[in-house]
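What follows is a set of notes on a single structure, which appears directly below.
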Amino acid sequence: MSDHPDTWSRPPFIANPWLRWATYIGLAVYVVWVLATIPIDWGRVVEGVERAGRIFGGAFPPSFERSGLLIDGFLESIKIAVLATAGGVALSIPIAFMAARNVAPMPVFYLGRAFIIVARSFHPVIVAIIFVKAVGFGPFAGVLTLVVYSIGFVAKMLAERIEEIDMGQVEAMRASGAPFLSTLFYAVFPQIMPRQIGLTIYQLDSNLRASAVVGIVGAGGIGATLANAFGRYDYDFALAITIVIVAVILVSEGVSGYIRKRVG
Amino acid sequence: MLKITDLVKRYGGGDPVLKNLDLTIEGESVVSIIGSSGAGKSTLLRCINRLVEPTSGSIVLNGTELTALRGAKLREARRKIGMVFQGFNLVDRLTVMENVQSGRLGYISTWSAIMRRYPKEDIRRAYELMERVGIAHYANTRADQLSGGERQRVGVVRALMQQPDILLADEPTASLDPKTSEQIMGLLRDLAGELKLPVIINIHNVTEAKEYTDRIVGMRYGRIIFDDTPAQLDQDAMDRIYSGSPHADRAEQTVAAQ
């Protein structure tokens, strides 16, 4: 018989026993402390349920009486989304080239990455609050917000695609003495074009959704209409707006998914 | 005339890939460079058009010192050096005509290139050359629709569109089947004769090197150890070029099978 042991247990997740127990106890203490100190007023929760019932009661049936306002709000949202996508994508392309390690020199690469990081750091709502303060209420603030939002996403994804291109095609252009821009247009753009089109359509769809959110803080569009309806306790109109938002987003997502599948 | 003197290329701090290499190519000869993988064949070719930066030494093409050129001057020199690649390096998503015209990018403005407004004589020349190599009917086809042999023909026409003073071919047949490979080698030899163009071909297939080229240069570990007519490449020379690498066995078998 061998004298090998016949029992085995998995090594603990944290090997050092002192560190292990300190972590477990520390976590337990923190959870207890959070529960004990966060203010939860159960009375207000009960009242809230009642109030929610009143809101939902007031919301049914949804009212499409003021559909003129609804349509105007939506048309404005679509304008915001289209303008922001056009501007955002146009700015994203040069920024993406700056932020691609394989085509940009090091200092430019860092600058490009910095643009993207700044554009990505803040949620569109925070950016919208800043732009509303800067240029005043209305759709222009929404456009600026979504331009920043678009750069954060499109430039980042496009830069990653540029880093994956086949450099052989670039090498062939360089070997024939092609200048820098001609090389970009002949060897790089054709390779990134399908991704570029897909990203643009996705961003248009995404901007339409985001335009409803940033409208709530005053950046125009259907979000502004929705915020007004809530402010005036027109819950039935608010529900109508919400239903239409969901419907429009479903349609736009379906269309954009279909186009992207055909292009990709 | 291409004259390479004392060329050294070192990547990082390691052993040089090219060690004080001298090579002169005159007239319109077709020269093949053979040697094991890692012997420095590709590096040598890419030093000539500066896709790889030489560490030291001199490369003179028709009186122009290539190693000192920068910016616009370098691009001007590159226009006169055609290159054909192992993986073809065509832009897959562009048509054959656009790929062929990309050989003229160094001559036309970026704006004309973007708008696809090519000069009339370039379009005529493109059709002539495509006709010559048998791909004229593909002008409007996307490059990724073509077979390997057809793709390499596009690659060759693209290089010739530059009206080069010299043609570099970096293992132009390594991605092709044997029959297509011979067609491309034959094409390169014939075109060299027709256009009075010196051609340097890196190649692994020694049989093809012997059959299709006028002069064979054998490289080993960054040095030229053989430089003569194909007839002089005997078993002894083969052993010296290919010994000490797995590639040697394969090449010997090919020769023995003849």
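Going through the structure tokens in order, the chains are called A, B, and so on, while each chain numbers its residues from 1 and the ligands are numbered from 1 in the order shown.
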Counting only C-alpha atoms, what is within 7 Å of Leu18 in chain B, bar same-chain residues fewer than 2 positions away, as a ChimeraX atom specification? /B:7-9,16,20-21,40,222-223
6 Å contacts from chain A to chain B using only C-alpha atoms, as a VMD selection string: chain A and resid 168 to 169 175 to 178 182 190
Give me, as a short mmCIF file (atom, residue, chain, number, x, y, z; two decimals) with C-alpha atoms, in the first residue's frame, all polymer residues having an atom no more than 12 Å from Pro61 in chain A, counting only C-alpha atoms and skipping those fewer than 4 positions away in the same chain.
```
data_model
loop_
_atom_site.label_atom_id
_atom_site.label_comp_id
_atom_site.auth_asym_id
_atom_site.auth_seq_id
_atom_site.Cartn_x
_atom_site.Cartn_y
_atom_site.Cartn_z
CA ILE A 55 -49.10 58.27 -10.28
CA PHE A 56 -49.90 55.05 -12.07
CA GLY A 57 -53.59 55.61 -11.47
CA GLU A 65 -54.56 64.43 -26.72
CA ASP A 234 -49.75 65.19 -16.55
CA TYR A 235 -49.03 61.56 -15.82
CA ASP A 236 -51.29 60.30 -18.62
CA PHE A 237 -49.39 62.39 -21.16
CA ALA A 238 -46.06 61.24 -19.63
CA LEU A 239 -47.12 57.62 -20.08
CA ALA A 240 -48.06 58.30 -23.69
CA ILE A 243 -44.83 54.35 -24.71
#
```
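Across range 102-177 of chain B, DSSP run on the backbone finds strand (DSSP E) at Ile166, Leu167, Leu168, Ala169 and Asp170 of chain B.
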Please, could you write that set of residues out with C-alpha atoms as an mmCIF file, in the first residue's frame?
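The resulting out39.cif:
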```
data_model
loop_
_atom_site.group_PDB
_atom_site.id
_atom_site.type_symbol
_atom_site.label_atom_id
_atom_site.label_comp_id
_atom_site.auth_asym_id
_atom_site.auth_seq_id
_atom_site.Cartn_x
_atom_site.Cartn_y
_atom_site.Cartn_z
ATOM 1 C CA ILE B 166 14.172 48.321 -60.567
ATOM 2 C CA LEU B 167 11.710 45.687 -59.383
ATOM 3 C CA LEU B 168 12.005 43.953 -56.011
ATOM 4 C CA ALA B 169 10.061 40.722 -55.508
ATOM 5 C CA ASP B 170 9.932 39.338 -51.978
#
```
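Going from CA of Phe153 in chain A to CA of Arg120 in chain A covers 7.3 Å.
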Range 97-114 of chain A environment, 7 Å, only C-alpha atoms, sequence neighbours closer than 6 positions dropped, as an MDAnalysis selection string: chainID A and resid 159:160 162:163
Go ahead and save the residues from that selection, with C-alpha atoms, as a CSV table (one decimal), in the first residue's frame.
```
chain,number,residue,atom,x,y,z
A,159,ALA,CA,-9.1,53.3,-33.2
A,160,GLU,CA,-9.2,49.7,-32.1
A,162,ILE,CA,-7.4,50.7,-37.1
A,163,GLU,CA,-4.9,48.9,-34.8
```
May I have the residues within 9 Å of range 239-241 of chain B as a PDB file with N, CA and C atoms, in the first residue's frame, using only C-alpha atoms and disregarding those fewer than 4 positions away in the same chain?
```pdb
ATOM      1  N   ILE B  34      18.784  33.491 -52.842  1.00  0.00           N
ATOM      2  CA  ILE B  34      18.325  32.308 -52.117  1.00  0.00           C
ATOM      3  C   ILE B  34      19.014  32.250 -50.757  1.00  0.00           C
ATOM      4  N   GLY B  35      18.485  31.423 -49.876  1.00  0.00           N
ATOM      5  CA  GLY B  35      19.046  31.289 -48.530  1.00  0.00           C
ATOM      6  C   GLY B  35      17.963  30.839 -47.580  1.00  0.00           C
ATOM      7  N   SER B  36      18.377  30.290 -46.434  1.00  0.00           N
ATOM      8  CA  SER B  36      17.403  29.795 -45.461  1.00  0.00           C
ATOM      9  C   SER B  36      16.549  30.941 -44.943  1.00  0.00           C
ATOM     10  N   GLY B 218      23.541  33.668 -53.182  1.00  0.00           N
ATOM     11  CA  GLY B 218      23.223  32.824 -52.028  1.00  0.00           C
ATOM     12  C   GLY B 218      23.597  33.535 -50.746  1.00  0.00           C
ATOM     13  N   MET B 219      22.646  33.630 -49.831  1.00  0.00           N
ATOM     14  CA  MET B 219      22.917  34.310 -48.558  1.00  0.00           C
ATOM     15  C   MET B 219      22.881  33.331 -47.407  1.00  0.00           C
ATOM     16  N   ARG B 220      23.718  33.580 -46.426  1.00  0.00           N
ATOM     17  CA  ARG B 220      23.668  32.780 -45.219  1.00  0.00           C
ATOM     18  C   ARG B 220      24.030  33.667 -44.034  1.00  0.00           C
ATOM     19  N   ILE B 225      27.428  34.422 -49.730  1.00  0.00           N
ATOM     20  CA  ILE B 225      28.492  33.434 -49.820  1.00  0.00           C
ATOM     21  C   ILE B 225      28.523  32.753 -51.193  1.00  0.00           C
ATOM     22  N   PHE B 226      27.584  33.148 -52.056  1.00  0.00           N
ATOM     23  CA  PHE B 226      27.596  32.616 -53.416  1.00  0.00           C
ATOM     24  C   PHE B 226      27.046  33.689 -54.333  1.00  0.00           C
ATOM     25  N   ASP B 234      26.301  24.263 -57.662  1.00  0.00           N
ATOM     26  CA  ASP B 234      26.336  22.806 -57.544  1.00  0.00           C
ATOM     27  C   ASP B 234      25.952  22.376 -56.130  1.00  0.00           C
ATOM     28  N   GLN B 235      26.001  21.086 -55.904  1.00  0.00           N
ATOM     29  CA  GLN B 235      25.591  20.553 -54.609  1.00  0.00           C
ATOM     30  C   GLN B 235      26.431  21.135 -53.480  1.00  0.00           C
ATOM     31  N   ALA B 248      17.639  23.072 -45.086  1.00  0.00           N
ATOM     32  CA  ALA B 248      18.620  22.395 -45.929  1.00  0.00           C
ATOM     33  C   ALA B 248      18.073  21.059 -46.421  1.00  0.00           C
ATOM     34  N   GLU B 252      17.510  19.956 -50.418  1.00  0.00           N
ATOM     35  CA  GLU B 252      18.285  18.846 -50.978  1.00  0.00           C
ATOM     36  C   GLU B 252      17.375  17.806 -51.601  1.00  0.00           C
TER      37      GLU B 252
END
```
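Note that CA of Thr85 in chain A and CA of Val125 in chain A are 17.0 Å apart.
CA of Arg161 in chain A is positioned 12.0 Å from CA of Gly198 in chain A.
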Which residues are near Ala227 in chain A? Cut-off 9 Å, only C-alpha atoms, ignore same chain within fewer than 6 positions. Put them as a PDB file with C-alpha atoms, in the first residue's frame.
```pdb
ATOM      1  CA  GLY A 215     -33.594  66.247 -22.605  1.00  0.00           C
ATOM      2  CA  ILE A 216     -34.673  65.756 -19.011  1.00  0.00           C
ATOM      3  CA  VAL A 217     -31.903  68.031 -17.722  1.00  0.00           C
ATOM      4  CA  GLY A 218     -32.862  70.716 -20.238  1.00  0.00           C
ATOM      5  CA  ALA A 238     -46.063  61.240 -19.629  1.00  0.00           C
TER       6      ALA A 238
END
```
Name all residues at most 7 Å from Phe74 in chain A (count only C-alpha atoms; drop same-chain ones fewer than 4 positions away) and give them as a PyMOL selection string. chain A and resi 70+78+221-222
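Checking A:Ile201, A:Leu181, A:Leu208, A:Ala187 one by one against Arg262 in chain A, counting only C-alpha atoms, you find the shortest gap at A:Ile201.
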